[in-house]
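Below is coords.cif, which holds mmCIF, C-alpha atoms and all ligand atoms.
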data_run
loop_
_atom_site.label_atom_id
_atom_site.label_comp_id
_atom_site.auth_asym_id
_atom_site.auth_seq_id
_atom_site.Cartn_x
_atom_site.Cartn_y
_atom_site.Cartn_z
CA MET A 1012 0.00 0.00 0.00
CA LYS A 1013 1.27 3.53 -0.80
CA ILE A 1014 0.54 5.95 2.04
CA LEU A 1015 1.17 9.68 2.26
CA VAL A 1016 1.60 10.26 5.99
CA THR A 1017 1.51 13.80 7.37
CA GLY A 1018 3.13 14.64 10.72
CA GLY A 1019 5.12 11.41 10.59
CA ALA A 1020 8.11 12.87 12.46
CA GLY A 1021 6.04 13.36 15.61
CA PHE A 1022 5.33 10.94 18.42
CA ILE A 1023 2.42 8.91 17.03
CA GLY A 1024 3.10 9.47 13.32
CA SER A 1025 6.67 8.17 13.64
CA CYS A 1026 5.44 4.99 15.33
CA PHE A 1027 2.96 4.46 12.48
CA VAL A 1028 5.66 5.11 9.84
CA LEU A 1029 8.06 2.66 11.51
CA GLN A 1030 5.38 -0.05 11.66
CA ARG A 1031 4.27 0.44 8.06
CA VAL A 1032 7.76 0.74 6.50
CA ASN A 1033 8.78 -2.43 8.32
CA SER A 1034 5.64 -4.12 6.93
CA SER A 1035 6.72 -3.20 3.37
CA ASP A 1036 4.20 -0.44 2.70
CA PHE A 1037 5.52 2.55 0.72
CA ILE A 1038 5.53 5.71 2.80
CA ILE A 1039 6.07 9.37 2.03
CA ASN A 1040 6.30 11.38 5.24
CA LEU A 1041 5.33 15.05 4.87
CA ASP A 1042 6.26 16.93 8.03
CA LYS A 1043 6.93 20.59 8.78
CA LEU A 1044 9.37 19.69 11.60
CA THR A 1045 7.94 22.02 14.20
CA TYR A 1046 9.39 21.90 17.73
CA SER A 1047 7.78 18.47 18.28
CA GLY A 1048 8.82 16.89 15.00
CA ASN A 1049 12.10 15.01 15.24
CA ILE A 1050 13.68 13.44 12.20
CA GLU A 1051 15.74 11.20 14.49
CA ASN A 1052 12.49 9.38 15.27
CA LEU A 1053 12.80 7.84 11.81
CA ASN A 1054 16.49 6.87 11.96
CA ALA A 1055 15.63 3.17 11.80
CA VAL A 1056 13.99 3.50 8.37
CA SER A 1057 15.56 6.60 6.82
CA ASP A 1058 17.64 4.60 4.31
CA LYS A 1059 14.94 2.13 3.30
CA PRO A 1060 13.87 2.27 -0.35
CA ASN A 1061 10.17 2.23 0.62
CA TYR A 1062 10.47 5.42 2.71
CA ALA A 1063 10.97 9.10 1.82
CA PHE A 1064 10.85 12.26 3.88
CA VAL A 1065 9.64 15.64 2.63
CA ARG A 1066 9.80 18.72 4.79
CA GLY A 1067 6.68 20.85 4.33
CA ASP A 1068 3.35 22.11 5.55
CA ILE A 1069 -0.04 20.42 5.09
CA GLY A 1070 -1.31 23.92 4.30
CA ASP A 1071 0.99 24.18 1.27
CA SER A 1072 -1.48 23.12 -1.40
CA GLU A 1073 1.03 23.24 -4.27
CA LEU A 1074 3.44 20.91 -2.45
CA VAL A 1075 0.69 18.47 -1.42
CA LYS A 1076 -0.66 18.45 -5.01
CA LYS A 1077 2.82 17.67 -6.37
CA LEU A 1078 3.27 14.81 -3.91
CA LEU A 1079 -0.15 13.35 -4.74
CA GLU A 1080 0.49 13.52 -8.47
CA GLU A 1081 3.97 12.01 -8.28
CA PHE A 1082 3.32 9.37 -5.63
CA GLN A 1083 -0.31 8.44 -6.46
CA PRO A 1084 -1.00 7.18 -2.91
CA ASP A 1085 -3.71 4.71 -1.97
CA ALA A 1086 -4.26 6.63 1.26
CA VAL A 1087 -3.42 9.82 3.12
CA VAL A 1088 -3.14 9.54 6.91
CA ASN A 1089 -3.18 12.93 8.63
CA PHE A 1090 -1.30 13.07 11.94
CA ALA A 1091 0.01 16.62 11.42
CA ALA A 1092 -1.19 18.93 14.17
CA GLU A 1093 -0.33 21.18 17.03
CA SER A 1094 -0.95 18.72 19.84
CA HIS A 1095 -0.39 20.25 23.27
CA VAL A 1096 -3.25 21.68 25.36
CA ASP A 1097 -1.03 23.97 27.48
CA ARG A 1098 0.46 25.61 24.39
CA SER A 1099 -3.04 26.13 22.96
CA ILE A 1100 -4.01 28.03 26.12
CA VAL A 1101 -1.03 30.38 25.70
CA ASP A 1102 -1.24 30.82 21.90
CA PRO A 1103 -4.34 29.46 20.14
CA ASP A 1104 -3.63 31.02 16.71
CA ILE A 1105 -1.25 28.35 15.40
CA PHE A 1106 -3.79 25.69 16.42
CA VAL A 1107 -6.32 27.26 14.09
CA ARG A 1108 -3.74 27.65 11.32
CA THR A 1109 -2.52 24.05 11.34
CA ASN A 1110 -5.37 22.02 12.81
CA VAL A 1111 -8.30 23.83 11.17
CA LEU A 1112 -7.04 25.67 8.09
CA GLY A 1113 -4.20 23.23 7.41
CA THR A 1114 -6.59 20.26 7.55
CA GLU A 1115 -9.10 22.03 5.31
CA ILE A 1116 -6.42 22.86 2.72
CA LEU A 1117 -5.18 19.27 2.85
CA LEU A 1118 -8.74 17.98 2.36
CA ARG A 1119 -9.43 20.33 -0.54
CA THR A 1120 -6.16 19.52 -2.27
CA VAL A 1121 -6.68 15.78 -1.86
CA LYS A 1122 -10.28 16.12 -3.06
CA GLU A 1123 -9.24 17.98 -6.23
CA TRP A 1124 -6.69 15.27 -7.08
CA TRP A 1125 -8.98 12.40 -6.05
CA GLU A 1126 -11.90 13.60 -8.25
CA ASN A 1127 -9.92 12.87 -11.39
CA LEU A 1128 -8.74 9.39 -10.48
CA PRO A 1129 -9.88 6.34 -12.47
CA THR A 1130 -12.97 4.75 -10.88
CA GLU A 1131 -11.35 1.79 -9.16
CA LYS A 1132 -8.50 3.83 -7.66
CA LYS A 1133 -11.02 6.52 -6.68
CA ASP A 1134 -13.28 4.04 -4.87
CA ASN A 1135 -10.42 2.40 -3.01
CA PHE A 1136 -8.71 5.63 -1.91
CA ARG A 1137 -8.95 6.62 1.81
CA LEU A 1138 -8.24 9.80 3.74
CA HIS A 1139 -7.78 8.90 7.40
CA HIS A 1140 -7.79 11.73 9.94
CA ILE A 1141 -6.29 11.21 13.39
CA SER A 1142 -8.19 12.93 16.17
CA THR A 1143 -8.69 12.94 19.91
CA ASP A 1144 -11.25 12.03 22.55
CA GLU A 1145 -10.87 15.60 23.84
CA VAL A 1146 -13.44 16.72 21.20
CA PHE A 1147 -16.12 15.13 23.43
CA GLY A 1148 -15.34 17.40 26.38
CA THR A 1149 -15.10 16.17 29.94
CA LEU A 1150 -16.71 13.42 32.03
CA LYS A 1151 -17.72 13.13 35.66
CA LEU A 1152 -16.56 10.11 37.62
CA GLU A 1153 -19.94 8.38 37.26
CA ASP A 1154 -20.49 9.16 33.52
CA PRO A 1155 -20.27 6.40 30.92
CA ALA A 1156 -17.20 6.52 28.62
CA PHE A 1157 -17.32 8.42 25.30
CA THR A 1158 -18.85 6.53 22.39
CA GLU A 1159 -18.85 7.51 18.71
CA GLU A 1160 -22.31 9.03 19.36
CA THR A 1161 -21.23 11.34 22.19
CA PRO A 1162 -21.87 14.97 21.12
CA PHE A 1163 -18.84 17.22 20.63
CA ALA A 1164 -18.22 19.67 23.50
CA PRO A 1165 -14.56 20.74 23.26
CA ASN A 1166 -13.28 22.85 26.15
CA SER A 1167 -9.71 23.88 25.25
CA PRO A 1168 -8.49 25.79 22.19
CA TYR A 1169 -6.67 22.56 21.22
CA SER A 1170 -9.77 20.38 21.39
CA ALA A 1171 -11.88 23.08 19.69
CA SER A 1172 -9.42 23.09 16.77
CA LYS A 1173 -9.45 19.27 16.55
CA ALA A 1174 -13.27 19.17 16.72
CA SER A 1175 -13.38 21.69 13.89
CA SER A 1176 -11.01 19.58 11.79
CA ASP A 1177 -13.18 16.50 12.42
CA HIS A 1178 -16.23 18.42 11.21
CA PHE A 1179 -14.40 19.42 8.02
CA VAL A 1180 -13.43 15.80 7.36
CA ARG A 1181 -17.02 14.70 7.84
CA ALA A 1182 -18.25 17.56 5.63
CA PHE A 1183 -15.87 16.56 2.81
CA ASN A 1184 -17.29 13.05 2.96
CA GLU A 1185 -20.92 14.20 3.01
CA THR A 1186 -20.53 16.99 0.45
CA TYR A 1187 -18.05 15.61 -2.09
CA GLY A 1188 -18.09 11.88 -1.28
CA LEU A 1189 -14.37 11.89 -0.37
CA PRO A 1190 -13.79 8.46 1.24
CA THR A 1191 -12.79 9.50 4.75
CA LEU A 1192 -12.22 7.77 8.07
CA ILE A 1193 -11.75 9.38 11.49
CA THR A 1194 -10.30 7.86 14.64
CA ASN A 1195 -10.65 9.57 18.03
CA CYS A 1196 -8.19 8.17 20.53
CA SER A 1197 -7.35 8.66 24.17
CA ASN A 1198 -4.01 9.79 25.67
CA ASN A 1199 -1.08 7.95 24.08
CA TYR A 1200 2.13 6.99 25.85
CA GLY A 1201 5.30 5.23 24.76
CA PRO A 1202 8.74 5.97 23.24
CA ARG A 1203 9.58 9.23 21.39
CA GLN A 1204 6.94 11.49 22.96
CA PHE A 1205 7.97 15.13 23.25
CA PRO A 1206 8.70 15.79 26.95
CA GLU A 1207 5.99 18.39 27.44
CA LYS A 1208 3.35 15.69 27.92
CA LEU A 1209 2.75 14.14 31.34
CA ILE A 1210 4.64 10.82 31.18
CA PRO A 1211 7.93 11.83 29.49
CA LEU A 1212 7.97 15.17 31.33
CA MET A 1213 7.64 13.53 34.76
CA THR A 1214 10.15 10.79 33.92
CA LEU A 1215 12.82 13.21 32.68
CA ASN A 1216 12.19 15.80 35.40
CA ALA A 1217 12.52 13.09 38.03
CA ILE A 1218 15.95 11.87 36.90
CA SER A 1219 17.18 15.46 36.43
CA GLY A 1220 16.32 16.24 40.07
CA LYS A 1221 13.59 18.68 39.05
CA LYS A 1222 10.13 19.15 40.56
CA LEU A 1223 7.21 17.01 39.38
CA PRO A 1224 4.44 19.60 38.85
CA ILE A 1225 0.95 18.18 39.37
CA TYR A 1226 -1.85 20.47 38.21
CA GLY A 1227 -4.60 21.00 40.81
CA THR A 1228 -5.33 17.97 42.97
CA GLY A 1229 -3.94 15.32 40.62
CA GLU A 1230 -7.34 13.57 40.66
CA ASN A 1231 -7.95 14.19 36.93
CA ILE A 1232 -8.28 10.99 34.94
CA ARG A 1233 -6.98 10.01 31.50
CA ASP A 1234 -7.40 6.70 29.61
CA TRP A 1235 -3.88 5.62 28.62
CA LEU A 1236 -3.28 3.94 25.25
CA HIS A 1237 0.08 2.52 24.19
CA VAL A 1238 1.19 4.22 20.98
CA GLU A 1239 1.94 0.88 19.27
CA ASP A 1240 -1.57 -0.38 20.02
CA HIS A 1241 -2.95 2.89 18.68
CA CYS A 1242 -1.00 2.61 15.41
CA GLU A 1243 -2.10 -0.99 14.93
CA ALA A 1244 -5.71 0.15 15.39
CA ILE A 1245 -5.22 2.94 12.85
CA TYR A 1246 -4.07 0.39 10.27
CA GLU A 1247 -7.09 -1.84 10.99
CA VAL A 1248 -9.45 1.10 10.51
CA LEU A 1249 -7.59 2.32 7.41
CA THR A 1250 -7.80 -1.07 5.71
CA LYS A 1251 -11.11 -2.41 7.03
CA GLY A 1252 -13.08 0.56 8.37
CA LYS A 1253 -16.36 1.70 6.86
CA VAL A 1254 -16.03 4.85 4.77
CA GLY A 1255 -17.50 7.99 6.36
CA GLU A 1256 -17.44 6.51 9.87
CA THR A 1257 -15.54 7.36 13.02
CA TYR A 1258 -13.97 4.90 15.45
CA ASN A 1259 -12.98 5.48 19.07
CA ILE A 1260 -9.68 3.94 20.16
CA GLY A 1261 -8.83 3.65 23.85
CA GLY A 1262 -6.44 1.80 26.11
CA LYS A 1263 -8.97 0.59 28.72
CA SER A 1264 -6.58 2.01 31.32
CA GLU A 1265 -8.12 4.88 33.24
CA ARG A 1266 -5.73 6.30 35.82
CA THR A 1267 -5.54 9.49 37.87
CA ASN A 1268 -2.57 11.77 37.19
CA LEU A 1269 -1.42 11.23 40.75
CA PHE A 1270 -1.41 7.46 40.19
CA ILE A 1271 0.69 7.92 37.03
CA VAL A 1272 3.27 10.15 38.69
CA ASN A 1273 3.54 7.90 41.75
CA LYS A 1274 3.92 4.91 39.44
CA ILE A 1275 6.75 6.57 37.48
CA CYS A 1276 8.46 7.39 40.79
CA SER A 1277 8.14 3.80 42.03
CA ILE A 1278 9.55 2.40 38.77
CA LEU A 1279 12.50 4.83 38.95
CA ASP A 1280 13.04 4.03 42.65
CA ASP A 1281 13.53 0.40 41.54
CA ILE A 1282 15.60 0.82 38.38
CA LYS A 1283 17.52 4.06 39.01
CA PRO A 1284 17.42 4.87 42.76
CA ARG A 1285 18.21 8.42 43.85
CA GLU A 1286 21.73 8.82 45.22
CA ASP A 1287 20.39 10.06 48.58
CA GLY A 1288 18.30 6.90 48.90
CA LYS A 1289 15.03 8.86 49.08
CA SER A 1290 12.05 8.27 46.79
CA TYR A 1291 11.48 10.37 43.68
CA LYS A 1292 8.04 11.03 45.21
CA GLU A 1293 9.80 13.71 47.31
CA GLN A 1294 9.99 15.78 44.09
CA ILE A 1295 6.19 15.86 43.63
CA THR A 1296 4.77 19.36 43.92
CA TYR A 1297 1.21 20.63 43.49
CA VAL A 1298 0.93 23.66 41.20
CA LYS A 1299 -1.87 25.95 40.00
CA ASP A 1300 -4.46 24.07 37.99
CA ARG A 1301 -4.57 24.24 34.18
CA LEU A 1302 -7.21 26.70 32.92
CA GLY A 1303 -10.38 24.85 31.90
CA HIS A 1304 -8.79 21.54 32.96
CA ASP A 1305 -10.97 18.63 31.77
CA PHE A 1306 -11.61 16.29 34.67
CA ARG A 1307 -11.91 12.90 33.01
CA TYR A 1308 -11.57 11.28 29.58
CA ALA A 1309 -12.58 7.67 28.97
CA ILE A 1310 -13.12 5.81 25.71
CA ASN A 1311 -15.62 3.10 24.94
CA CYS A 1312 -13.88 1.25 22.09
CA ALA A 1313 -16.49 -1.52 21.69
CA LYS A 1314 -17.11 -0.56 18.03
CA VAL A 1315 -13.54 -1.09 16.83
CA GLU A 1316 -13.30 -4.28 18.91
CA ARG A 1317 -16.58 -5.68 17.61
CA ASP A 1318 -16.38 -4.57 13.95
CA LEU A 1319 -12.64 -4.81 13.29
CA GLY A 1320 -11.36 -7.27 15.89
CA TRP A 1321 -8.79 -4.89 17.39
CA THR A 1322 -8.08 -4.70 21.10
CA PRO A 1323 -5.12 -3.18 22.99
CA ARG A 1324 -2.22 -5.65 23.43
CA HIS A 1325 -0.30 -3.78 26.12
CA THR A 1326 -1.30 -3.77 29.75
CA PHE A 1327 -0.63 -0.42 31.37
CA GLU A 1328 1.56 -2.04 34.03
CA GLU A 1329 4.02 -3.46 31.49
CA GLY A 1330 3.71 -0.55 29.04
CA ILE A 1331 4.61 2.14 31.56
CA LYS A 1332 7.66 0.18 32.80
CA GLU A 1333 8.96 -0.24 29.23
CA THR A 1334 8.29 3.41 28.47
CA VAL A 1335 10.15 4.76 31.51
CA GLN A 1336 13.03 2.40 30.66
CA TRP A 1337 13.06 3.70 27.05
CA TYR A 1338 13.62 7.29 28.20
CA LEU A 1339 16.49 6.10 30.44
CA ASP A 1340 18.01 4.04 27.63
CA ASN A 1341 17.93 6.85 25.04
CA PRO A 1342 19.80 9.81 26.54
CA SER A 1343 20.99 11.06 23.15
CA TRP A 1344 17.38 11.35 21.93
CA VAL A 1345 16.47 13.14 25.13
CA GLU A 1346 19.49 15.44 24.94
CA SER A 1347 18.83 16.43 21.34
CA ILE A 1348 15.26 17.39 22.22
CA LYS A 1349 16.18 19.20 25.41
CA THR A 1350 19.15 21.27 24.34
CA GLY A 1351 18.03 22.15 20.88
CA GLU A 1352 21.23 20.56 19.49
CA TYR A 1353 19.01 18.54 17.22
CA ARG A 1354 17.56 21.71 15.79
CA LYS A 1355 21.03 23.13 15.09
CA TRP A 1356 22.05 19.85 13.51
CA LEU A 1357 18.99 19.95 11.33
CA GLU A 1358 19.72 23.44 10.04
CA ALA A 1359 23.37 22.53 9.37
CA ASN A 1360 22.84 19.12 7.81
CA TYR A 1361 19.42 18.96 6.35
CA ASN A 1362 19.68 18.69 2.60
CA GLY A 1363 16.26 17.29 1.87
CA ARG A 1364 15.14 14.17 0.08
CA GLU A 1365 12.36 15.72 -1.89
P1 LIG B 1401 3.32 15.58 17.94
O1 LIG B 1401 3.21 17.00 18.38
O2 LIG B 1401 4.31 14.69 18.58
O3 LIG B 1401 3.60 15.53 16.36
C1 LIG B 1401 2.97 16.37 15.46
C2 LIG B 1401 3.78 16.32 14.16
O4 LIG B 1401 3.11 17.14 13.19
C3 LIG B 1401 5.21 16.88 14.29
O5 LIG B 1401 6.12 16.02 13.66
C4 LIG B 1401 5.13 18.24 13.60
O6 LIG B 1401 6.37 18.63 13.04
C5 LIG B 1401 4.07 17.97 12.53
N1 LIG B 1401 3.38 19.19 12.09
C6 LIG B 1401 2.86 20.17 12.87
N2 LIG B 1401 2.30 21.11 12.09
C7 LIG B 1401 2.45 20.71 10.80
C8 LIG B 1401 2.06 21.25 9.55
N3 LIG B 1401 1.40 22.41 9.47
N4 LIG B 1401 2.35 20.55 8.43
C9 LIG B 1401 3.04 19.38 8.49
N5 LIG B 1401 3.45 18.83 9.65
C10 LIG B 1401 3.15 19.49 10.80
O7 LIG B 1401 1.85 15.00 18.08
P2 LIG B 1401 1.37 13.49 18.33
O8 LIG B 1401 1.22 13.29 19.77
O9 LIG B 1401 2.18 12.57 17.52
O10 LIG B 1401 -0.09 13.58 17.73
C11 LIG B 1401 -0.38 13.18 16.39
C12 LIG B 1401 -1.87 13.35 16.12
O11 LIG B 1401 -2.61 12.58 17.08
C13 LIG B 1401 -2.37 14.80 16.28
O12 LIG B 1401 -3.32 15.04 15.29
C14 LIG B 1401 -2.99 14.81 17.65
O13 LIG B 1401 -4.03 15.78 17.73
C15 LIG B 1401 -3.55 13.40 17.75
N6 LIG B 1401 -3.70 12.87 19.11
C16 LIG B 1401 -2.62 12.78 19.94
C17 LIG B 1401 -2.78 12.22 21.21
C18 LIG B 1401 -1.63 12.04 22.15
O14 LIG B 1401 -1.83 11.51 23.26
N7 LIG B 1401 -0.40 12.39 21.81
C19 LIG B 1401 -4.05 11.80 21.63
C20 LIG B 1401 -5.12 11.94 20.76
C21 LIG B 1401 -4.93 12.45 19.49
P1 LIG B 1402 -1.05 16.06 28.88
O1 LIG B 1402 0.03 15.05 28.78
O2 LIG B 1402 -0.72 17.49 28.59
O3 LIG B 1402 -2.25 15.54 27.95
P2 LIG B 1402 -3.78 16.11 27.82
O4 LIG B 1402 -3.86 17.42 28.46
O5 LIG B 1402 -3.95 16.19 26.35
O6 LIG B 1402 -4.64 15.07 28.47
O7 LIG B 1402 -1.65 16.01 30.35
C1 LIG B 1402 -2.19 14.81 30.90
C2 LIG B 1402 -2.75 15.14 32.26
O8 LIG B 1402 -1.66 15.49 33.13
C3 LIG B 1402 -3.69 16.34 32.27
O9 LIG B 1402 -4.74 16.09 33.21
C4 LIG B 1402 -2.82 17.48 32.76
C5 LIG B 1402 -1.84 16.80 33.67
N1 LIG B 1402 -0.51 17.42 33.77
C6 LIG B 1402 0.04 17.76 35.02
O10 LIG B 1402 -0.60 17.56 36.07
N2 LIG B 1402 1.26 18.32 35.04
C7 LIG B 1402 1.99 18.57 33.91
O11 LIG B 1402 3.12 19.12 34.01
C8 LIG B 1402 1.43 18.20 32.66
C9 LIG B 1402 2.18 18.45 31.36
C10 LIG B 1402 0.18 17.61 32.62
#
Once more with this new file: its structure as structure tokens, please.
Ligand code: NAD
Ligand code: TYD
Amino acid sequence: MKILVTGGAGFIGSCFVLQRVNSSDFIINLDKLTYSGNIENLNAVSDKPNYAFVRGDIGDSELVKKLLEEFQPDAVVNFAAESHVDRSIVDPDIFVRTNVLGTEILLRTVKEWWENLPTEKKDNFRLHHISTDEVFGTLKLEDPAFTEETPFAPNSPYSASKASSDHFVRAFNETYGLPTLITNCSNNYGPRQFPEKLIPLMTLNAISGKKLPIYGTGENIRDWLHVEDHCEAIYEVLTKGKVGETYNIGGKSERTNLFIVNKICSILDDIKPREDGKSYKEQITYVKDRLGHDFRYAINCAKVERDLGWTPRHTFEEGIKETVQWYLDNPSWVESIKTGEYRKWLEANYNGRE
């Protein structure tokens, strides 16, 4: 299968690219390389003949058109986005530019190319948009988990921008018949996540002797999904999902933030004890709550389990241990992200493959 992946240098996109290149699909990875995109995430496949990287923006219609015409993909999978809630609270504009306008330009450009395809290729083509459970808003402790029928009620600028992009995808299916798929997933964890998100941030802060900042009471709940399970689900939906539909993907692992941070501390206490013999839990500190902080997310993924036979393979207990270990085992990845050396390297060495 030939897939044009967008945002494939980020956390989830790179996992998907690695899985698909290693399964002999042909991948072109279009990524702008923002602060969270890291070309080193693709080191393992960068020389493979079935992989190519192109630096660029999903909102660059001319570039996307050229790639579609030259590559003639069977599918486009759109991971490209601004992805961090805290950043969206500080500066929402870029979230509208990439997540809303960028997605719309991508959809329009794909639609204009797709309309002229021969019938069989046209029918078999898929545009798969990656989205979030945050579009559904927030749950109380006693509420049932989000289903595909839960109404949208986004609370942060990030989730509002993702909800808008989902609506555009749906509208392109309804209006023009573009064969689209949407997946809304819960919080991902695993290797190669930019250390602004809870799990890598707490892991790396802990071993650097920094504070572990818990927003509010730490009672907020997220449903944790291993990134490899997520990417396997995306492939199932891409290849077997019903056109025009959405699928929720979750990890069946609801945990409070406080549980997560304590867990990371306990794992580190075992595998990399502090020199003073005290627990990393001593570094936990409660800070001012996030503005508009959603209390709970939880995904009901019965549809994808029933219709497509997917279910998460990782248990949270094993997945979190492996993940913490990965950040300890990959100091050069961590260093490149933290110091910006990677960015300097990129400017000095990047000579493009397009
Ligand atoms: P990420 O921030 O790690 O990666 C985003 C990637 O998109 C980066 O490589 C970045 O360079 C690229 N990008 C940003 N703007 C671009 C543009 N205009 N054109 C081309 N490339 C651009 O994010 P992630 O965690 O890998 O998330 C991937 C997708 O999954 C996003 O759409 C996000 O909303 C969604 N999602 C993420 C999570 C999660 O837990 N991380 C949960 C639910 C949904
Ligand atoms: P995050 O990883 O930013 O994902 P999202 O906001 O998309 O769910 O945050 C996960 C949870 O952890 C969320 O409830 C906010 C909380 N959190 C902290 O308590 N401290 C932090 O430093 C961060 C980054 C997040």
Looking at A:Thr1149, A:Asn1199, A:Thr1130, A:Ser1170, which one is nearest to ligand LIG 1401 (chain B), with distances taken over all atoms listed in the file? A:Asn1199
Protein/DNA/RNA residues near (-10.3, 19.1, 6.1), cut 9 Å, all atoms listed in the file, as a list in words: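 The residues that fall inside the cut-off are Asn1110, Val1111, Leu1112, Gly1113, Thr1114, Glu1115, Ile1116, Leu1117, Leu1118, Arg1119, His1140, Ser1175, Ser1176, Asp1177, His1178, Phe1179, Val1180, Arg1181, Ala1182 and Phe1183 of chain A.
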Can you spit out the residues from that selection as a CSV table (one decimal), keeping the file's coordinate frame, using C-alpha atoms?
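Written file, result_27.csv:
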chain,number,residue,atom,x,y,z
A,1110,ASN,CA,-5.4,22.0,12.8
A,1111,VAL,CA,-8.3,23.8,11.2
A,1112,LEU,CA,-7.0,25.7,8.1
A,1113,GLY,CA,-4.2,23.2,7.4
A,1114,THR,CA,-6.6,20.3,7.6
A,1115,GLU,CA,-9.1,22.0,5.3
A,1116,ILE,CA,-6.4,22.9,2.7
A,1117,LEU,CA,-5.2,19.3,2.8
A,1118,LEU,CA,-8.7,18.0,2.4
A,1119,ARG,CA,-9.4,20.3,-0.5
A,1140,HIS,CA,-7.8,11.7,9.9
A,1175,SER,CA,-13.4,21.7,13.9
A,1176,SER,CA,-11.0,19.6,11.8
A,1177,ASP,CA,-13.2,16.5,12.4
A,1178,HIS,CA,-16.2,18.4,11.2
A,1179,PHE,CA,-14.4,19.4,8.0
A,1180,VAL,CA,-13.4,15.8,7.4
A,1181,ARG,CA,-17.0,14.7,7.8
A,1182,ALA,CA,-18.2,17.6,5.6
A,1183,PHE,CA,-15.9,16.6,2.8
Ligand LIG 1401 (chain B): axis-aligned bounding box, 5 Å on each side, centre and edge lengths in Å, one decimal, as AutoDock Vina command-line options:
--center_x 0.6 --center_y 17.0 --center_z 15.8 --size_x 21.5 --size_y 20.9 --size_z 24.8
Between atom CA of A:Val1065 and atom O10 of ligand LIG 1401 (chain B), measure the distance and give it in Å to one decimal.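 Pair atom CA of A:Val1065 / atom O10 of ligand LIG 1401 (chain B) returns 18.1 Å.
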Could you check the closest approach to ligand LIG 1401 (chain B) for each of A:Ser1347, A:Asn1033, A:Thr1334, A:Asn1089 and tell me which residue wins, using all atoms listed in the file? A:Asn1089
Between A:Ala1055, A:Ile1069, A:Ile1050, A:Ile1210, which is the closest to A:Tyr1338 once you count only C-alpha atoms?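 Of A:Ala1055, A:Ile1069, A:Ile1050, A:Ile1210, the one nearest A:Tyr1338, counting only C-alpha atoms, is A:Ile1210.
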Which one of A:Pro1155, A:Pro1084, A:Pro1103, A:Gly1201 sits closest to ligand LIG 1401 (chain B) if you count all atoms listed in the file?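 Looking at the shortest contact to ligand LIG 1401 (chain B), the residue is A:Gly1201.
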Show me a table, sorted first by chain and then by increasing residue number, of the residues of chain A having an atom at most 8 Å from ligand LIG 1402 (chain B), each with its shortest atom pair and the distance in Å to one decimal, counting all atoms listed in the file and written as CSV.
residue,atom,partner,partner_atom,distance
A:Ser1094,CA,B:LIG1402,O5,7.6
A:His1095,CA,B:LIG1402,O2,6.0
A:Val1096,CA,B:LIG1402,O4,5.3
A:Asp1097,CA,B:LIG1402,O2,6.6
A:Glu1145,CA,B:LIG1402,O5,7.4
A:Asn1198,CA,B:LIG1402,O6,6.0
A:Glu1207,CA,B:LIG1402,C9,5.5
A:Lys1208,CA,B:LIG1402,O1,3.5
A:Leu1209,CA,B:LIG1402,O1,3.8
A:Ile1210,CA,B:LIG1402,O1,6.7
A:Leu1212,CA,B:LIG1402,C9,6.7
A:Met1213,CA,B:LIG1402,O11,7.2
A:Leu1223,CA,B:LIG1402,O11,7.1
A:Pro1224,CA,B:LIG1402,O11,5.0
A:Ile1225,CA,B:LIG1402,O10,3.7
A:Tyr1226,CA,B:LIG1402,O10,3.8
A:Gly1227,CA,B:LIG1402,O10,7.1
A:Gly1229,CA,B:LIG1402,O10,6.1
A:Asn1231,CA,B:LIG1402,O9,5.3
A:Ile1232,CA,B:LIG1402,O9,6.4
A:Arg1233,CA,B:LIG1402,O6,6.3
A:Asn1268,CA,B:LIG1402,O8,5.6
A:Leu1269,CA,B:LIG1402,O10,7.9
A:Asp1300,CA,B:LIG1402,O10,7.8
A:Arg1301,CA,B:LIG1402,C4,7.1
A:His1304,CA,B:LIG1402,O9,6.8
A:Asp1305,CA,B:LIG1402,O9,6.9
A:Phe1306,CA,B:LIG1402,O9,7.0
A:Arg1307,CA,B:LIG1402,O9,7.9
A:Tyr1308,CA,B:LIG1402,O6,8.0
Find the residues around A:Leu1041 up to 7 Å (only C-alpha atoms counted), leave out those fewer than 5 positions away in its own chain, and share them as a list in words.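 Answer for this query is Val1016, Thr1017, Gly1018, Gly1019, Phe1064, Val1065, Arg1066 and Gly1067 of chain A.
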Around ligand LIG 1401 (chain B), at most 6 Å away and counting only C-alpha atoms and all ligand atoms, which residues are there? Put them as number ranges by chain, please. A: 1017-1024, 1042-1045, 1047-1048, 1067-1069, 1090-1094, 1109, 1141-1143, 1196-1199, 1205
Ranking A:Leu1074, A:Ala1156, A:Val1087, A:Val1254 by minimum distance to A:Asn1184 and counting only C-alpha atoms, which one comes first?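 Nearest to A:Asn1184: A:Val1254.
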Pick from A:Leu1138, A:Ala1309, A:Leu1302, A:Leu1150: nearest to A:Val1101, with only C-alpha atoms counted?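 The closest residue to A:Val1101 is A:Leu1302.
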Nearby residues (all atoms listed in the file) at most 8 Å from A:Lys1263, same-chain spacing under 6 positions excluded, as a ChimeraX atom specification: /A:1234-1236,1309-1310,1323
Keeping C-alpha atoms for every residue in the selection just given, could you write it to a file as a PDB file, in the frame of the given file?
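As a result, part.pdb now contains:
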ATOM      1  CA  ASP A1234      -7.400   6.700  29.610  1.00  0.00           C
ATOM      2  CA  TRP A1235      -3.880   5.620  28.620  1.00  0.00           C
ATOM      3  CA  LEU A1236      -3.280   3.940  25.250  1.00  0.00           C
ATOM      4  CA  ALA A1309     -12.580   7.670  28.970  1.00  0.00           C
ATOM      5  CA  ILE A1310     -13.120   5.810  25.710  1.00  0.00           C
ATOM      6  CA  PRO A1323      -5.120  -3.180  22.990  1.00  0.00           C
TER       7      PRO A1323
END
